[in-house]
Every structure is written in C-alpha cells, then in structure tokens.
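Accompanying notes for the structure given below.
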Amino acid sequence: MLPSAKTRRVKTLAAAVGFDRVGITHAGPVQSVAYYRVWLAAGHAGTMGYLRRNVEILVMRGMLRELVERLRQDLNGPFEARVCGDTTPLLERELARAAGLGWIGKNTCLLHERLGSYLFLGEVLTTLELEPDSPVPDRCGTCTRCLDACPTKAFPAPYQLDASRCISYFTIEHRGEVAAEFHAGIGDWVFGCDICQQVCPFNAKAPPATHPEIVEDRIPARLNLLDLLNLGSADYRRLTENTAARRATRHMWRRNAGIALRNAQHRPTATRKTPPATSEGNAGRWGRAGDNRQ
Ligand code: B12
Ligand code: SF4
Ligand code: SF4
C-alpha cells in the first residue's frame with residue numbers, strides 16, 4: 001500500500017476509535033529540545049522531578065492501543081508501534097504542532113481553531129511510512145488575554161511558562177510548602193488551574209468534551225474545603241480512586257484546601273471567619289482540562 005493510502009487508513013481508523021483530531025509528523029529530533037534544555041536550566045520546572053500521570057491519559061492510551069490493533073488488522077505487513085502519552089518523555093505539544101493539530105498559544109497550550117485548547121495529547125510512534133501533515137499558522141494575533149489573566153504572573157514572556165510560579169504546578173506537582181507570596185493568587189483552586197484557558201476566545205467557541213470516561217468524573221467540579229482540610233486516609237482513597245486527583249498526595253490536598261480556605265476568609269465579601277460548610281464561599285475549584293468552562 002502506498003504511504004498516502006496508508007495515511008488515509010490511519011486517519012479513518014483514528015476517527016472510528018474516537019479521536020477528535022489526528023496529525024502525522026516525522027519521528028526525528030524535535031526542534032524544541034534546545035528550548036526545553038534552556039527552560040530546565042532556568043529553573044522553570046520547579047521541583048518536578050517526575051512527570052504527571054492522570055486517568056484521562058489512561059483512557060487515552062486505551063484508545064491508542066485500540067487504534068494500533070485496528071491498524072494491524074487493516075494494513076498488510078508488519079510494523080512497529082509504541083503508544084505514548086503525558087508521562088512519556090516526549091515534547092508532546094511540539095510534536096502536535098508539527099503534526100498540524102494546532103498552534104502553540106501564548107499560554108503555551110496547543111490550541112486548535114475549532115476545538116480550542118481543552119485537549120489531551122497522545123501519540124503512536126511507528127515505523128509505518130506515512131505522509132506528514134503541515135503545521136498551521138499561529139492565530140493568537142495581538143491577543144494577550146491569557147498573559148494578563150494569570151494571577152501568579154507565571155508567564156515571563158508570551159509563549160513561555162515558568163512552571164515554578166503556576167497554580168497547576170503548586171496544587172498538583174509541588175510537594176513542599178507553597179511560598180506565601182503565591183497564596184493570594186491561588187484563590188480557590190485546589191487541583192490544577194484553567195484560568196489562562198478560560199479566558200481564551202478560542203475556548204469560548206469550542207464544542208463540549210465528548211468522551212464519557214473523561215466527562216463523567218466522580219469528583220464534583222466544586223469541592224467542600226472544610227471536608228478537604230480534614231481529609232482522612234479512607235476518604236482520600238475514595239475521592240481519588242481512578243482519577244487524576246491521585247496525582248496529589250493527601251497532604252497536598254489538605255495543604256491546598258488550607259490555602260483556599262484562608263483566601264475565602266480574606267475575601268472582602270466574607271461575613272464570617274469560618275465559612276459555613278456547604279456555602280459557595282467554602283468551595284474549592286477542581287481544575288482539569290475540559291471541565292471548568294465558565
Ligand atoms: C510538566 C507539565 C506541566 C507543568 C509545566 C507546563 C509547561 N507549560 O511547561 C505544569 C504542572 C505547570 C502543567 C500544567 C498544565 N498542563 Co501540563 N504537562 C506537562 C508535561 C508532562 C511536560 C511539559 C514540558 O515538558 N514542559 C516543558 C516546556 C518547555 O515544554 P512544552 O510546554 O511542552 O512545549 C513548549 C516548547 O516546545 C515551546 N518552544 C519550543 N521551541 C521554543 C522556542 C522558543 C524561543 C520559545 C519561547 C518556546 C519554544 O513551545 C511549547 C509551548 O511553550 C506535558 C506532557 C508531555 N510529555 O509533553 C503535559 C501537558 C503539556 N499538560 C497538559 C495540560 C492539560 C495541562 C493543564 C491545562 C492542566 C491543568 N488544568 O492544570 C495545565 C496548563 C498550564 C499551561 N498554561 O501550560 C497537556 C496540554 C494539552 C494542550 N492543549 O496543550 C499535556 C500535553 C498533557 C497531555 N498529554 O495532554 N503541565
Ligand atoms: S494555569 Fe493558571 S497559574 Fe498556570 S499559567 Fe495558566 S493562569 Fe497562570
Ligand atoms: S488567550 Fe489569546 S493569546 Fe492566549 S492563547 Fe488564547 S488567543 Fe492566544
């Protein structure tokens with residue numbers, strides 16, 4: 001089969017498995033490795049010595065394996081394939097950009113004109129000879145909404161994120177204490193942060209997420225902070241079982257709730273020192289791509 005015909009089959013089967021978009025690029029060295037080294041040397045990775053794991057990427061790997069399985073049934077001849085996603089040491093955004101899946105926005109997220117940036121990325125590395133896609137142009141233009149909205153000033157410049165200042169990093173990745181200078185900016189986020197995506201005009205127009213395993217999360221979008229502050233081992237296991245929430249330890253959930261509660265108490269509109277257990281003012285936000293649209 002010619003590479004062009006194989007490429008068409010790959011794209012048809014990927015759509016049949018349920019992927020919203022598929023792009024193809026060469027498996028050679030990616031351009032951004034040099035930038036990545038500079039980023040690490042500048043200390044922008046903070047204390048992250050490991051990579052994130054979450055259930056969305058597990059879901060994703062299952063779909064990728066199904067795609068490879070269908071390709072084996074469909075295409076003649078042997079080929080090698082390896083399924084990757086999030087925790088694999090790949091610069092996924094750069095690969096997705098090179099494969100024409102979108103452009104890198106000023107908030108550093110991979111952004112698609114129609115689907116926005118609430119996307120998870122996954123890859124199949126393969127020896128199949130396929131036709132690569134072409135990158136699409138950057139459409140951020142003069143917009144700076146994401147840069148202006150970041151409460152912890154985590155963007156030293158457009159297209160650059162200092163992760164060691166990012167709420168997502170503090171609440172999901174960083175195990176130690178969070179420096180006091182960042183507490184106010186964290187607001188009521190207790191797991192991740194979507195602010196620089198919520199303000200993006202391309203997300204306002206994006207269709208809702210469709211995969212039930214990702215949409216149907218057992219963790220409510222707004223969480224009770226007093227419950228989290230006192231989170232016991234059994235409740236932690238129940239809350240986080242098979243969800244991205246397991247990425248943060250119980251200590252981190254309690255620490256995050258403490259910061260969010262103190263912020264709630266210091267809001268100008270607060271009328272009591274300890275917010276009531278069920279009020280909106282006592283809720284923390286669960287930040288995860290795709291479920292915090294406003
Ligand atoms: C570490 C990590 C984080 C860190 C650091 C994020 C970052 N921007 O670097 C933290 C914990 C902060 C984080 C947060 C989030 N993350 Co994250 N994260 C990762 C992970 C595991 C590695 C990213 C990495 O290597 N960063 C280092 C920088 C240097 O690389 P990069 O951002 O990937 O790519 C940049 C370079 O290529 C750069 N570049 C290349 N050449 C050059 C040259 C110059 C001069 C410049 C300026 C830049 C440049 O352009 C890219 C964008 O900046 C990836 C999975 C993976 N394996 O790639 C997921 C990943 C990037 N995260 C993802 C998600 C969903 C999130 C959150 C939305 C989660 C949340 N709700 O809280 C936030 C978004 C915050 C943000 N604005 O980026 C998705 C992104 C989907 C998308 N649409 O882009 C990924 C791809 C996971 C996945 N498989 O879906 N994350
Ligand atoms: S995720 Fe939140 S803290 Fe991180 S860069 Fe975006 S707006 Fe800033
Ligand atoms: S908010 Fe504006 S600048 Fe930021 S990623 Fe979206 S379009 Fe680009």
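In the structure tokens, chains take letters A, B, ... by order of appearance, with residues numbered from 1 within each chain and ligands from 1 in the order shown.
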Kindly assemble as JSON lines a list of the chain A residues that lie within 6 Å of ligand 2, each paired with its nearest atom pair and their distance in Å to one decimal, using only C-alpha atoms and all ligand atoms, sorted first by chain and then by ascending residue number.
{"residue": "A:Cys150", "atom": "CA", "partner": "ligand 2", "partner_atom_place_in_ligand_line": "7 (S)", "distance": 3.8}
{"residue": "A:Pro151", "atom": "CA", "partner": "ligand 2", "partner_atom_place_in_ligand_line": "8 (Fe)", "distance": 5.9}
{"residue": "A:Thr152", "atom": "CA", "partner": "ligand 2", "partner_atom_place_in_ligand_line": "3 (S)", "distance": 5.6}
{"residue": "A:Ala154", "atom": "CA", "partner": "ligand 2", "partner_atom_place_in_ligand_line": "5 (S)", "distance": 5.1}
{"residue": "A:Cys166", "atom": "CA", "partner": "ligand 2", "partner_atom_place_in_ligand_line": "4 (Fe)", "distance": 3.8}
{"residue": "A:Ile167", "atom": "CA", "partner": "ligand 2", "partner_atom_place_in_ligand_line": "3 (S)", "distance": 4.1}
{"residue": "A:Ser168", "atom": "CA", "partner": "ligand 2", "partner_atom_place_in_ligand_line": "1 (S)", "distance": 5.3}
{"residue": "A:Cys193", "atom": "CA", "partner": "ligand 2", "partner_atom_place_in_ligand_line": "1 (S)", "distance": 4.4}
{"residue": "A:Asp194", "atom": "CA", "partner": "ligand 2", "partner_atom_place_in_ligand_line": "1 (S)", "distance": 5.1}
{"residue": "A:Ile195", "atom": "CA", "partner": "ligand 2", "partner_atom_place_in_ligand_line": "7 (S)", "distance": 4.3}
{"residue": "A:Cys196", "atom": "CA", "partner": "ligand 2", "partner_atom_place_in_ligand_line": "7 (S)", "distance": 4.0}
What would the file look like if the residues just selected were written as a short mmCIF file (atom, residue, chain, number, x, y, z; two decimals), in the first residue's frame with N, CA and C atoms?
data_model
loop_
_atom_site.label_atom_id
_atom_site.label_comp_id
_atom_site.auth_asym_id
_atom_site.auth_seq_id
_atom_site.Cartn_x
_atom_site.Cartn_y
_atom_site.Cartn_z
N CYS A 150 -3.31 35.66 34.21
CA CYS A 150 -2.63 34.72 35.14
C CYS A 150 -2.41 35.38 36.50
N PRO A 151 -3.01 34.83 37.56
CA PRO A 151 -2.94 35.51 38.87
C PRO A 151 -1.58 35.42 39.54
N THR A 152 -0.73 34.49 39.12
CA THR A 152 0.58 34.36 39.78
C THR A 152 1.73 34.83 38.87
N ALA A 154 2.84 33.87 35.91
CA ALA A 154 3.70 32.73 35.56
C ALA A 154 4.27 32.81 34.15
N CYS A 166 3.33 28.51 38.63
CA CYS A 166 2.00 28.17 38.10
C CYS A 166 1.15 27.43 39.15
N ILE A 167 -0.12 27.81 39.26
CA ILE A 167 -1.03 27.19 40.24
C ILE A 167 -1.18 25.69 39.98
N SER A 168 -1.18 25.32 38.71
CA SER A 168 -1.28 23.90 38.36
C SER A 168 -0.10 23.13 38.98
N CYS A 193 -5.37 24.43 37.40
CA CYS A 193 -5.87 25.79 37.15
C CYS A 193 -6.16 25.90 35.66
N ASP A 194 -7.26 26.53 35.32
CA ASP A 194 -7.63 26.67 33.91
C ASP A 194 -7.78 28.13 33.49
N ILE A 195 -7.36 29.06 34.34
CA ILE A 195 -7.66 30.47 34.06
C ILE A 195 -7.16 30.91 32.69
N CYS A 196 -5.90 30.55 32.36
CA CYS A 196 -5.35 31.04 31.09
C CYS A 196 -6.00 30.35 29.89
#
What are the DSSP strand (DSSP E) residues of range 115-280 of chain A, as a PyMOL selection string? chain A and resi 123-126+189-191+222-224
Which is closest to Ala16 in chain A among A:Leu71, A:Leu228, A:Ala96, A:Leu2, if we use only C-alpha atoms? A:Leu71
Write down as a PyMOL selection string the residues belonging to range 63-268 of chain A that are assigned alpha helix (DSSP H) by DSSP computed on the backbone. chain A and resi 63-74+92-98+145-149+167-168+183-186+195-198+201-204+212-215+225-229+233-240+250-265
Counting only C-alpha atoms and all ligand atoms, the option among A:Ser164, A:Thr144, A:Asn256, A:Asn224 closest to ligand 1: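 Among the listed residues, the smallest separation from ligand 1 belongs to A:Ser164.
Shortest separation to Glu94 in chain A among A:Arg238, A:Lys6, A:His26, A:Arg139 occurs at residue A:His26, atoms counted being only C-alpha atoms.
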Once you count only C-alpha atoms and all ligand atoms, which residues end up within 7 Å of ligand 1, and could you hand them over as a PyMOL selection string? chain A and resi 31-32+35-36+39+45+51-52+57+85-94+104+107-111+117-122+159-161+163+166+168-169+172-173+192-194+196+287-289
Would you mind exporting the chosen residues as a compact mmCIF listing (two decimals), in the first residue's frame, restricted to N, CA and C atoms?
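Resulting contents of again_9.txt:
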# COMPACT_ATOMS: atom_id res chain seq x y z
N GLN A 31 12.36 20.21 17.18
CA GLN A 31 13.08 21.50 17.22
C GLN A 31 13.23 22.04 18.63
N SER A 32 12.21 21.77 19.49
CA SER A 32 12.19 22.47 20.76
C SER A 32 13.06 21.85 21.84
N TYR A 35 15.16 24.50 23.35
CA TYR A 35 14.40 25.38 24.26
C TYR A 35 14.11 24.67 25.57
N TYR A 36 13.78 23.39 25.50
CA TYR A 36 13.46 22.61 26.70
C TYR A 36 14.65 22.62 27.67
N TRP A 39 14.82 25.92 29.28
CA TRP A 39 13.71 26.03 30.23
C TRP A 39 14.07 25.35 31.55
N ALA A 45 11.10 24.47 35.80
CA ALA A 45 10.41 23.22 36.12
C ALA A 45 10.17 23.07 37.62
N LEU A 51 7.07 13.01 36.03
CA LEU A 51 6.02 13.52 35.15
C LEU A 51 4.64 13.19 35.69
N ARG A 52 3.69 13.98 35.18
CA ARG A 52 2.33 13.81 35.66
C ARG A 52 1.70 12.52 35.14
N ILE A 57 -5.19 10.35 30.57
CA ILE A 57 -4.15 9.78 29.72
C ILE A 57 -4.32 8.22 29.77
N GLY A 85 1.90 8.89 25.97
CA GLY A 85 1.01 9.96 26.38
C GLY A 85 1.38 10.50 27.74
N ASP A 86 1.62 11.81 27.80
CA ASP A 86 1.88 12.57 29.03
C ASP A 86 3.12 12.16 29.78
N THR A 87 3.15 10.92 30.29
CA THR A 87 4.27 10.55 31.14
C THR A 87 5.49 10.09 30.36
N THR A 88 5.33 9.89 29.05
CA THR A 88 6.48 9.51 28.24
C THR A 88 7.33 10.76 28.01
N PRO A 89 8.66 10.62 28.08
CA PRO A 89 9.48 11.82 27.89
C PRO A 89 9.50 12.31 26.44
N LEU A 90 8.40 12.88 26.01
CA LEU A 90 8.27 13.46 24.67
C LEU A 90 7.78 14.88 24.84
N LEU A 91 8.21 15.78 23.97
CA LEU A 91 7.65 17.14 23.99
C LEU A 91 6.37 17.11 23.15
N GLU A 92 5.29 16.73 23.81
CA GLU A 92 4.05 16.42 23.08
C GLU A 92 3.46 17.62 22.35
N ARG A 93 3.53 18.78 22.97
CA ARG A 93 2.93 19.96 22.31
C ARG A 93 3.66 20.28 21.01
N GLU A 94 4.99 20.18 21.07
CA GLU A 94 5.77 20.48 19.87
C GLU A 94 5.47 19.45 18.77
N ILE A 104 0.84 26.61 19.01
CA ILE A 104 1.10 26.83 20.43
C ILE A 104 0.64 28.24 20.76
N ASN A 107 -0.28 31.12 25.88
CA ASN A 107 -0.33 30.47 27.21
C ASN A 107 0.41 29.13 27.20
N THR A 108 1.09 28.82 26.12
CA THR A 108 1.90 27.60 25.88
C THR A 108 1.07 26.35 25.62
N CYS A 109 -0.27 26.48 25.54
CA CYS A 109 -1.11 25.31 25.27
C CYS A 109 -1.26 25.11 23.76
N LEU A 110 -1.42 23.87 23.37
CA LEU A 110 -1.71 23.54 21.98
C LEU A 110 -3.16 23.92 21.73
N LEU A 111 -3.38 24.75 20.72
CA LEU A 111 -4.68 25.37 20.51
C LEU A 111 -5.17 25.09 19.09
N SER A 117 -8.36 24.64 23.36
CA SER A 117 -7.16 24.04 23.95
C SER A 117 -7.48 23.02 25.03
N TYR A 118 -8.76 22.76 25.32
CA TYR A 118 -9.10 21.73 26.31
C TYR A 118 -8.93 20.37 25.66
N LEU A 119 -7.67 20.03 25.42
CA LEU A 119 -7.36 18.80 24.69
C LEU A 119 -6.33 18.00 25.46
N PHE A 120 -6.41 16.70 25.37
CA PHE A 120 -5.32 15.86 25.84
C PHE A 120 -4.60 15.30 24.62
N LEU A 121 -3.29 15.18 24.75
CA LEU A 121 -2.49 14.71 23.62
C LEU A 121 -1.99 13.29 23.90
N GLY A 122 -1.92 12.49 22.86
CA GLY A 122 -1.36 11.15 22.95
C GLY A 122 -0.72 10.81 21.61
N TYR A 159 4.41 32.84 25.17
CA TYR A 159 4.88 31.50 24.75
C TYR A 159 5.87 30.88 25.73
N GLN A 160 6.06 31.48 26.89
CA GLN A 160 6.98 30.90 27.88
C GLN A 160 6.27 30.81 29.22
N LEU A 161 6.31 29.63 29.84
CA LEU A 161 5.70 29.46 31.16
C LEU A 161 6.77 29.10 32.17
N ALA A 163 6.92 27.29 35.13
CA ALA A 163 6.04 26.38 35.86
C ALA A 163 6.18 26.55 37.36
N CYS A 166 3.33 28.51 38.63
CA CYS A 166 2.00 28.17 38.10
C CYS A 166 1.15 27.43 39.15
N SER A 168 -1.18 25.32 38.71
CA SER A 168 -1.28 23.90 38.36
C SER A 168 -0.10 23.13 38.98
N TYR A 169 1.06 23.71 38.88
CA TYR A 169 2.27 23.10 39.46
C TYR A 169 2.16 23.04 40.98
N ILE A 172 -0.75 20.44 41.99
CA ILE A 172 -0.68 19.04 41.54
C ILE A 172 0.70 18.42 41.71
N GLU A 173 1.73 19.22 41.50
CA GLU A 173 3.09 18.65 41.41
C GLU A 173 3.97 18.91 42.63
N GLY A 192 -5.03 21.94 40.05
CA GLY A 192 -4.88 22.48 38.70
C GLY A 192 -5.43 23.89 38.59
N CYS A 193 -5.37 24.43 37.40
CA CYS A 193 -5.87 25.79 37.15
C CYS A 193 -6.16 25.90 35.66
N ASP A 194 -7.26 26.53 35.32
CA ASP A 194 -7.63 26.67 33.91
C ASP A 194 -7.78 28.13 33.49
N CYS A 196 -5.90 30.55 32.36
CA CYS A 196 -5.35 31.04 31.09
C CYS A 196 -6.00 30.35 29.89
N GLY A 287 -9.48 21.97 39.02
CA GLY A 287 -9.06 22.40 37.70
C GLY A 287 -8.54 21.26 36.87
N ARG A 288 -9.18 20.99 35.79
CA ARG A 288 -8.72 19.90 34.91
C ARG A 288 -9.17 20.28 33.51
N ALA A 289 -8.31 20.07 32.54
CA ALA A 289 -8.66 20.50 31.20
C ALA A 289 -10.01 19.93 30.81
Give the answer as one residue: which of A:Leu226, A:Leu147, A:Leu40, A:Val10 has the shortest atom-to-atom distance to ligand 3, using only C-alpha atoms and all ligand atoms?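 Using only C-alpha atoms and all ligand atoms, the shortest distance to ligand 3 belongs to A:Leu147.
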Using only C-alpha atoms and all ligand atoms, which residue out of A:Asp235, A:Glu241, A:Asp188, A:Asp148 lies closest to ligand 3?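 Checking each candidate against ligand 3, we get A:Asp148 as the closest.
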Could you list, as a compact mmCIF listing (two decimals) with N, CA, C and O atoms, in the first residue's frame, all residues that come within 6 Å of ligand 3? Count only C-alpha atoms and all ligand atoms.
# COMPACT_ATOMS: atom_id res chain seq x y z
N GLY A 105 -0.33 28.35 21.68
CA GLY A 105 -0.83 29.67 22.08
C GLY A 105 0.16 30.39 22.98
O GLY A 105 1.11 29.79 23.48
N LYS A 106 -0.11 31.67 23.23
CA LYS A 106 0.78 32.43 24.11
C LYS A 106 0.77 31.88 25.53
O LYS A 106 1.68 32.11 26.31
N ASN A 107 -0.28 31.12 25.88
CA ASN A 107 -0.33 30.47 27.21
C ASN A 107 0.41 29.13 27.20
O ASN A 107 0.33 28.38 28.17
N CYS A 140 -2.98 33.64 17.40
CA CYS A 140 -3.16 34.45 18.61
C CYS A 140 -3.22 35.95 18.29
O CYS A 140 -3.88 36.71 19.00
N CYS A 143 -3.83 39.37 20.66
CA CYS A 143 -4.50 38.99 21.92
C CYS A 143 -3.46 38.72 23.02
O CYS A 143 -2.42 38.11 22.77
N THR A 144 -3.75 39.17 24.24
CA THR A 144 -2.87 38.86 25.38
C THR A 144 -3.70 38.46 26.61
O THR A 144 -3.23 38.55 27.74
N ARG A 145 -4.95 38.02 26.36
CA ARG A 145 -5.86 37.75 27.49
C ARG A 145 -5.29 36.77 28.50
O ARG A 145 -5.40 36.95 29.70
N CYS A 146 -4.68 35.67 28.01
CA CYS A 146 -4.16 34.65 28.93
C CYS A 146 -3.01 35.22 29.77
O CYS A 146 -2.94 34.96 30.98
N VAL A 199 -10.04 32.17 29.64
CA VAL A 199 -10.16 33.50 29.03
C VAL A 199 -9.89 33.48 27.53
O VAL A 199 -10.06 34.49 26.85
N CYS A 200 -9.47 32.34 27.01
CA CYS A 200 -9.08 32.28 25.60
C CYS A 200 -10.32 32.29 24.70
O CYS A 200 -11.20 31.45 24.84
N PRO A 201 -10.38 33.21 23.74
CA PRO A 201 -11.57 33.29 22.89
C PRO A 201 -11.81 32.01 22.08
O PRO A 201 -12.96 31.71 21.77
Distance query Val22 in chain A at most 9 Å, only C-alpha atoms, self and fewer than 4 positions along chain excluded, as a PDB file with C-alpha atoms, in the first residue's frame:
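The result, written out as out12.pdb:
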ATOM      1  CA  VAL A  10      -4.702   5.674   9.769  1.00  0.00           C
ATOM      2  CA  LYS A  11      -6.870   8.806   9.834  1.00  0.00           C
ATOM      3  CA  ALA A  14      -8.376   7.019  14.347  1.00  0.00           C
ATOM      4  CA  ALA A  15     -11.706   8.787  13.807  1.00  0.00           C
ATOM      5  CA  ALA A  96       1.308  18.064  17.956  1.00  0.00           C
ATOM      6  CA  ALA A  99       1.717  17.402  13.033  1.00  0.00           C
ATOM      7  CA  GLY A 100      -0.664  20.271  12.226  1.00  0.00           C
ATOM      8  CA  LEU A 101      -3.017  19.654  15.170  1.00  0.00           C
TER       9      LEU A 101
END
Compare A:Val17, A:Ile24, A:Ala5, A:Ala34 by their minimum atom-to-atom distance to Glu69 in chain A, counting only C-alpha atoms, and give me the closest one. A:Val17
Could you name the residues that touch Ala257 in chain A at 9 Å or less, counting only C-alpha atoms, but leaving out those on the same chain fewer than 4 positions away, as a list in words?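 Those residues are Asp188, Trp189, Val190, Asn224, Leu225, Leu226, Asp227, Leu228, Leu229, Met252, Trp253, Leu261, Arg262 and Gly284 of chain A.
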I want to know what sits within 12 Å of Ala180 in chain A, based on only C-alpha atoms, with residues of the same chain fewer than 3 positions away left out; could you give that as a tab-separated table (two decimals) with C-alpha atoms, in the first residue's frame?
chain	number	residue	atom	x	y	z
A	152	THR	CA	0.58	34.36	39.78
A	165	ARG	CA	5.01	30.04	39.52
A	170	PHE	CA	1.70	24.18	43.07
A	177	GLU	CA	5.19	24.26	51.22
A	183	HIS	CA	-1.19	32.15	48.27
A	184	ALA	CA	-3.49	35.02	47.31
A	185	GLY	CA	-3.09	34.30	43.59
A	186	ILE	CA	-4.11	30.66	44.09
A	259	ILE	CA	-4.68	27.94	51.27
A	262	ARG	CA	-7.69	31.22	54.07
A	263	ASN	CA	-8.26	33.03	50.79
